[in-house]
Amino acid sequence: MQLIKSKTFNNLAKSFAGECQARVRYEFIEYGARNEGYKALAEIVDKVVYNEFNHARMFYTFIQKAKDTEITNVEIDAGYPFKEKWDIAENFRLAAEDEKREAQEIYPEYARIAREEGFEEIAKLYEDIIQVETCHMLRFTQLYEQFSSGTMYKSDTPVKWKCGDCGYEATALEAWDECPLCKAKQGAVLLNLDN
């Protein structure tokens, strides 16, 4: 079967569009975190943004391999989430939901279809991306729980906190409000994501 005539081709186009949209939605979260003074939090989200860019790039690469001539337009019909608001904690919860849906519903189905249509390499791509989207879901869930419960800068046991601006480190139950060395605000503290 030719890729360009398959369901897999359409799924690649939907996946490309979905990853591009996720990237921009997460850039909104990053923007909000930065504007509210959570620099270290914004940096964590920025890593997910870059992951989404690369997922889109991989899907686009397969789309371009579908035909030797230029593909001028791909008609797709799919729903995409527009749930995020300008609330950091809520956006983490919603992003976790979106990542869960991709990892547990959408991409497993697309991998199954690709394999049935004989596109093993594309099925493997989906399966590899499922692993990453699952990590994103867990990270966003963790950020939501810590941010909404007020425990992002607190721990039940002493942990090492590090200033993202100057590198100062201290072990304590809570991160400082202001870095003792460079006076950066708490939002520059590299977060305790292991509790």
# chains A, B, ... in the order shown; residues from 1 in each chain; ligands from 1
$ residues_around --residues "range 160-176 of chain A" --least-positions-apart "6" --cutoff "10 Å" --atoms "only C-alpha atoms" --output "VMD selection string"
chain A and resid 39 to 40 43 151 to 154 182 to 192
$ residues_around --residues "range 14-23 of chain A" --least-positions-apart "6" --cutoff "6 Å" --atoms "only C-alpha atoms" --output "ChimeraX atom specification"
/A:49,52,56,59
$ write_last_selection --atoms "N, CA and C atoms" --output "PDB file, in the first residue's frame"
ATOM      1  N   VAL A  49       8.119  21.642  25.520  1.00  0.00           N
ATOM      2  CA  VAL A  49       7.843  22.357  24.266  1.00  0.00           C
ATOM      3  C   VAL A  49       8.782  21.854  23.173  1.00  0.00           C
ATOM      4  N   GLU A  52       7.822  18.399  21.977  1.00  0.00           N
ATOM      5  CA  GLU A  52       6.664  18.440  21.073  1.00  0.00           C
ATOM      6  C   GLU A  52       7.084  18.902  19.676  1.00  0.00           C
ATOM      7  N   ALA A  56       6.556  16.678  16.236  1.00  0.00           N
ATOM      8  CA  ALA A  56       5.974  17.220  15.001  1.00  0.00           C
ATOM      9  C   ALA A  56       6.944  17.042  13.833  1.00  0.00           C
ATOM     10  N   PHE A  59       6.866  13.401  12.596  1.00  0.00           N
ATOM     11  CA  PHE A  59       5.654  13.128  11.818  1.00  0.00           C
ATOM     12  C   PHE A  59       5.750  13.794  10.446  1.00  0.00           C
TER      13      PHE A  59
END
$ residues_around --residues "Arg139 in chain A" --least-positions-apart "2" --cutoff "10 Å" --atoms "only C-alpha atoms" --output "list in words"
Ile44, Val45, Val48, Phe92, Ala95, Ala96, Glu133, Thr134, Cys135, His136, Met137, Thr141, Gln142, Leu143, Tyr144, Glu145 and Leu193 of chain A
$ write_last_selection --atoms "all heavy atoms" --output "CSV table (one decimal), in the first residue's frame"
chain,number,residue,atom,x,y,z
A,44,ILE,N,11.3,24.0,32.8
A,44,ILE,CA,10.9,22.7,32.7
A,44,ILE,C,9.9,22.5,31.6
A,44,ILE,O,9.9,21.6,30.8
A,44,ILE,CB,10.2,22.2,34.1
A,44,ILE,CG1,11.3,22.1,35.1
A,44,ILE,CG2,9.5,20.9,33.9
A,44,ILE,CD1,10.8,22.0,36.5
A,45,VAL,N,8.9,23.4,31.5
A,45,VAL,CA,7.9,23.4,30.5
A,45,VAL,C,8.6,23.6,29.1
A,45,VAL,O,8.2,22.9,28.1
A,45,VAL,CB,6.8,24.5,30.7
A,45,VAL,CG1,5.8,24.5,29.6
A,45,VAL,CG2,6.1,24.2,32.0
A,48,VAL,N,9.6,20.4,27.5
A,48,VAL,CA,8.4,19.7,26.9
A,48,VAL,C,8.1,20.3,25.6
A,48,VAL,O,7.8,19.6,24.6
A,48,VAL,CB,7.2,19.7,27.9
A,48,VAL,CG1,6.0,19.0,27.2
A,48,VAL,CG2,7.6,18.9,29.2
A,92,PHE,N,-1.6,22.9,34.0
A,92,PHE,CA,-0.9,21.7,34.2
A,92,PHE,C,-1.8,20.5,34.2
A,92,PHE,O,-1.5,19.4,33.6
A,92,PHE,CB,0.0,21.7,35.5
A,92,PHE,CG,1.2,22.6,35.4
A,92,PHE,CD1,1.5,23.4,36.4
A,92,PHE,CD2,2.0,22.5,34.3
A,92,PHE,CE1,2.6,24.2,36.3
A,92,PHE,CE2,3.1,23.3,34.2
A,92,PHE,CZ,3.5,24.2,35.2
A,95,ALA,N,-3.0,19.9,30.6
A,95,ALA,CA,-2.0,19.4,29.8
A,95,ALA,C,-1.8,17.9,30.1
A,95,ALA,O,-1.5,17.1,29.2
A,95,ALA,CB,-0.7,20.2,30.0
A,96,ALA,N,-1.8,17.5,31.4
A,96,ALA,CA,-1.7,16.1,31.7
A,96,ALA,C,-2.8,15.3,31.1
A,96,ALA,O,-2.6,14.2,30.6
A,96,ALA,CB,-1.7,16.0,33.3
A,133,GLU,N,5.2,10.8,25.7
A,133,GLU,CA,3.9,11.5,26.2
A,133,GLU,C,3.5,11.0,27.5
A,133,GLU,O,2.9,11.8,28.3
A,133,GLU,CB,2.8,11.2,25.1
A,133,GLU,CG,3.2,11.7,23.7
A,133,GLU,CD,3.4,13.2,23.5
A,133,GLU,OE1,3.6,13.9,24.5
A,133,GLU,OE2,3.4,13.6,22.4
A,134,THR,N,3.8,9.7,27.9
A,134,THR,CA,3.5,9.2,29.2
A,134,THR,C,4.3,10.0,30.3
A,134,THR,O,3.8,10.3,31.3
A,134,THR,CB,3.7,7.7,29.3
A,134,THR,OG1,2.8,7.1,28.3
A,134,THR,CG2,3.4,7.2,30.7
A,135,CYS,N,5.6,10.2,30.0
A,135,CYS,CA,6.5,11.0,30.9
A,135,CYS,C,5.9,12.4,31.0
A,135,CYS,O,5.9,12.9,32.1
A,135,CYS,CB,7.9,11.0,30.3
A,135,CYS,SG,8.7,9.4,30.5
A,136,HIS,N,5.5,13.0,29.9
A,136,HIS,CA,4.9,14.3,30.0
A,136,HIS,C,3.7,14.4,30.9
A,136,HIS,O,3.5,15.3,31.7
A,136,HIS,CB,4.5,14.8,28.6
A,136,HIS,CG,5.7,15.1,27.7
A,136,HIS,ND1,5.5,15.4,26.3
A,136,HIS,CD2,7.0,15.2,27.9
A,136,HIS,CE1,6.7,15.6,25.8
A,136,HIS,NE2,7.6,15.5,26.7
A,137,MET,N,2.8,13.4,30.7
A,137,MET,CA,1.6,13.3,31.5
A,137,MET,C,2.0,13.2,33.0
A,137,MET,O,1.4,14.0,33.8
A,137,MET,CB,0.8,12.0,31.2
A,137,MET,CG,-0.4,11.8,32.0
A,137,MET,SD,-1.1,10.2,31.8
A,137,MET,CE,0.2,9.1,32.5
A,141,THR,N,1.3,16.2,35.7
A,141,THR,CA,0.5,15.8,36.9
A,141,THR,C,1.2,16.2,38.2
A,141,THR,O,0.6,16.7,39.1
A,141,THR,CB,0.1,14.3,36.9
A,141,THR,OG1,-0.6,14.0,35.7
A,141,THR,CG2,-0.6,13.9,38.1
A,142,GLN,N,2.5,15.9,38.2
A,142,GLN,CA,3.3,16.2,39.4
A,142,GLN,C,3.3,17.7,39.6
A,142,GLN,O,3.2,18.2,40.7
A,142,GLN,CB,4.7,15.6,39.2
A,142,GLN,CG,5.6,15.8,40.4
A,142,GLN,CD,6.9,15.1,40.2
A,142,GLN,OE1,7.5,15.2,39.1
A,142,GLN,NE2,7.5,14.6,41.2
A,143,LEU,N,3.5,18.5,38.5
A,143,LEU,CA,3.6,19.9,38.7
A,143,LEU,C,2.2,20.5,39.1
A,143,LEU,O,2.2,21.4,40.0
A,143,LEU,CB,4.0,20.5,37.3
A,143,LEU,CG,5.5,20.3,36.9
A,143,LEU,CD1,5.7,20.8,35.5
A,143,LEU,CD2,6.4,21.0,37.9
A,144,TYR,N,1.2,19.9,38.6
A,144,TYR,CA,-0.2,20.4,39.0
A,144,TYR,C,-0.4,20.1,40.5
A,144,TYR,O,-0.8,21.0,41.3
A,144,TYR,CB,-1.3,19.6,38.2
A,144,TYR,CG,-2.6,19.8,38.9
A,144,TYR,CD1,-3.3,21.0,38.8
A,144,TYR,CD2,-3.2,18.7,39.5
A,144,TYR,CE1,-4.5,21.2,39.4
A,144,TYR,CE2,-4.5,18.9,40.1
A,144,TYR,CZ,-5.1,20.1,40.1
A,144,TYR,OH,-6.3,20.3,40.7
A,145,GLU,N,0.0,18.9,41.0
A,145,GLU,CA,-0.2,18.6,42.4
A,145,GLU,C,0.6,19.4,43.3
A,145,GLU,O,0.1,20.0,44.3
A,145,GLU,CB,0.1,17.1,42.6
A,145,GLU,CG,-1.0,16.2,42.0
A,145,GLU,CD,-0.5,14.7,42.0
A,145,GLU,OE1,0.6,14.4,42.3
A,145,GLU,OE2,-1.4,13.9,41.6
A,193,LEU,N,11.4,17.9,42.2
A,193,LEU,CA,10.5,17.1,41.4
A,193,LEU,C,10.6,15.6,41.8
A,193,LEU,O,10.0,14.8,41.1
A,193,LEU,CB,10.6,17.3,39.9
A,193,LEU,CG,10.3,18.7,39.5
A,193,LEU,CD1,10.6,18.9,38.0
A,193,LEU,CD2,8.8,19.0,39.7
$ residues_around --residues "Glu90 in chain A" --least-positions-apart "3" --cutoff "12 Å" --atoms "only C-alpha atoms" --output "ChimeraX atom specification"
/A:29,32,83-87,93-97,140-141,143-149
$ residues_around --residues "range 105-121 of chain A" --least-positions-apart "3" --cutoff "7 Å" --atoms "only C-alpha atoms" --output "ChimeraX atom specification"
/A:8,11,101-102,124-127,130
$ write_last_selection --atoms "N, CA and C atoms" --output "mmCIF file, in the first residue's frame"
data_model
loop_
_atom_site.group_PDB
_atom_site.id
_atom_site.type_symbol
_atom_site.label_atom_id
_atom_site.label_comp_id
_atom_site.auth_asym_id
_atom_site.auth_seq_id
_atom_site.Cartn_x
_atom_site.Cartn_y
_atom_site.Cartn_z
ATOM 1 N N THR A 8 -2.880 5.721 7.601
ATOM 2 C CA THR A 8 -1.684 6.129 8.333
ATOM 3 C C THR A 8 -1.209 7.507 7.891
ATOM 4 N N ASN A 11 -3.361 9.946 9.548
ATOM 5 C CA ASN A 11 -3.027 9.981 10.979
ATOM 6 C C ASN A 11 -1.729 10.742 11.236
ATOM 7 N N ARG A 101 -4.431 11.357 26.935
ATOM 8 C CA ARG A 101 -5.270 10.950 25.803
ATOM 9 C C ARG A 101 -4.409 10.518 24.610
ATOM 10 N N GLU A 102 -3.355 11.292 24.341
ATOM 11 C CA GLU A 102 -2.453 10.894 23.255
ATOM 12 C C GLU A 102 -1.790 9.551 23.552
ATOM 13 N N LYS A 124 6.359 1.944 15.010
ATOM 14 C CA LYS A 124 7.403 2.063 16.039
ATOM 15 C C LYS A 124 7.569 3.513 16.480
ATOM 16 N N LEU A 125 7.484 4.457 15.557
ATOM 17 C CA LEU A 125 7.560 5.872 15.913
ATOM 18 C C LEU A 125 6.453 6.214 16.907
ATOM 19 N N TYR A 126 5.241 5.809 16.611
ATOM 20 C CA TYR A 126 4.134 6.082 17.534
ATOM 21 C C TYR A 126 4.395 5.455 18.899
ATOM 22 N N GLU A 127 4.865 4.236 18.919
ATOM 23 C CA GLU A 127 5.121 3.563 20.195
ATOM 24 C C GLU A 127 6.222 4.263 20.991
ATOM 25 N N ILE A 130 4.699 7.435 22.412
ATOM 26 C CA ILE A 130 3.808 7.109 23.539
ATOM 27 C C ILE A 130 4.594 7.126 24.843
#
$ select_by_dssp --residues "chain A" --states "strand (DSSP E)" --output "PyMOL selection string"
chain A and resi 154-163+169-174+189-190
$ write_last_selection --atoms "C-alpha atoms" --output "short mmCIF file (atom, residue, chain, number, x, y, z; two decimals), in the first residue's frame"
data_model
loop_
_atom_site.label_atom_id
_atom_site.label_comp_id
_atom_site.auth_asym_id
_atom_site.auth_seq_id
_atom_site.Cartn_x
_atom_site.Cartn_y
_atom_site.Cartn_z
CA LYS A 154 8.46 22.37 50.35
CA SER A 155 9.31 18.80 51.26
CA ASP A 156 8.63 16.42 54.14
CA THR A 157 12.30 15.47 54.20
CA PRO A 158 15.38 17.61 53.61
CA VAL A 159 16.17 17.95 49.90
CA LYS A 160 18.75 19.85 47.90
CA TRP A 161 17.47 23.11 46.38
CA LYS A 162 19.52 24.87 43.72
CA CYS A 163 19.36 28.42 42.40
CA GLU A 169 22.71 24.94 46.70
CA ALA A 170 21.29 24.25 50.15
CA THR A 171 19.62 21.24 51.75
CA ALA A 172 16.45 22.09 53.67
CA LEU A 173 12.74 21.33 54.05
CA GLU A 174 11.85 24.47 52.08
CA VAL A 189 14.91 27.76 42.40
CA LEU A 190 15.24 24.49 40.55
#
$ select_by_dssp --residues "range 2-34 of chain A" --states "alpha helix (DSSP H)" --output "NGL selection string"
:A and (7-34)
$ residues_around --residues "Gln64 in chain A" --least-positions-apart "4" --cutoff "12 Å" --atoms "only C-alpha atoms" --output "list in words"
Leu3, Ile4, Phe9, Leu12, Ala13, Phe16, Arg57, Met58, Phe59, Tyr60, Asp68, Thr69, Glu70, Ile71, Thr72, Asn73 and Val74 of chain A
$ atom_distance --atom1 "CA of Asp46 in chain A" --atom2 "CA of Ile63 in chain A"
25.8 Å
$ atom_distance --atom1 "CA of Glu27 in chain A" --atom2 "CA of Phe62 in chain A"
24.9 Å
$ atom_distance --atom1 "CA of Tyr26 in chain A" --atom2 "CA of Asn54 in chain A"
13.9 Å
$ closest_residue --among "A:Ile129, A:Lys5, A:Asn51, A:Leu41" --to "Val24 in chain A" --atoms "only C-alpha atoms"
A:Asn51
$ closest_residue --among "A:Lys65, A:Arg25, A:Gly150, A:Gln104" --to "Tyr80 in chain A" --atoms "only C-alpha atoms"
A:Arg25
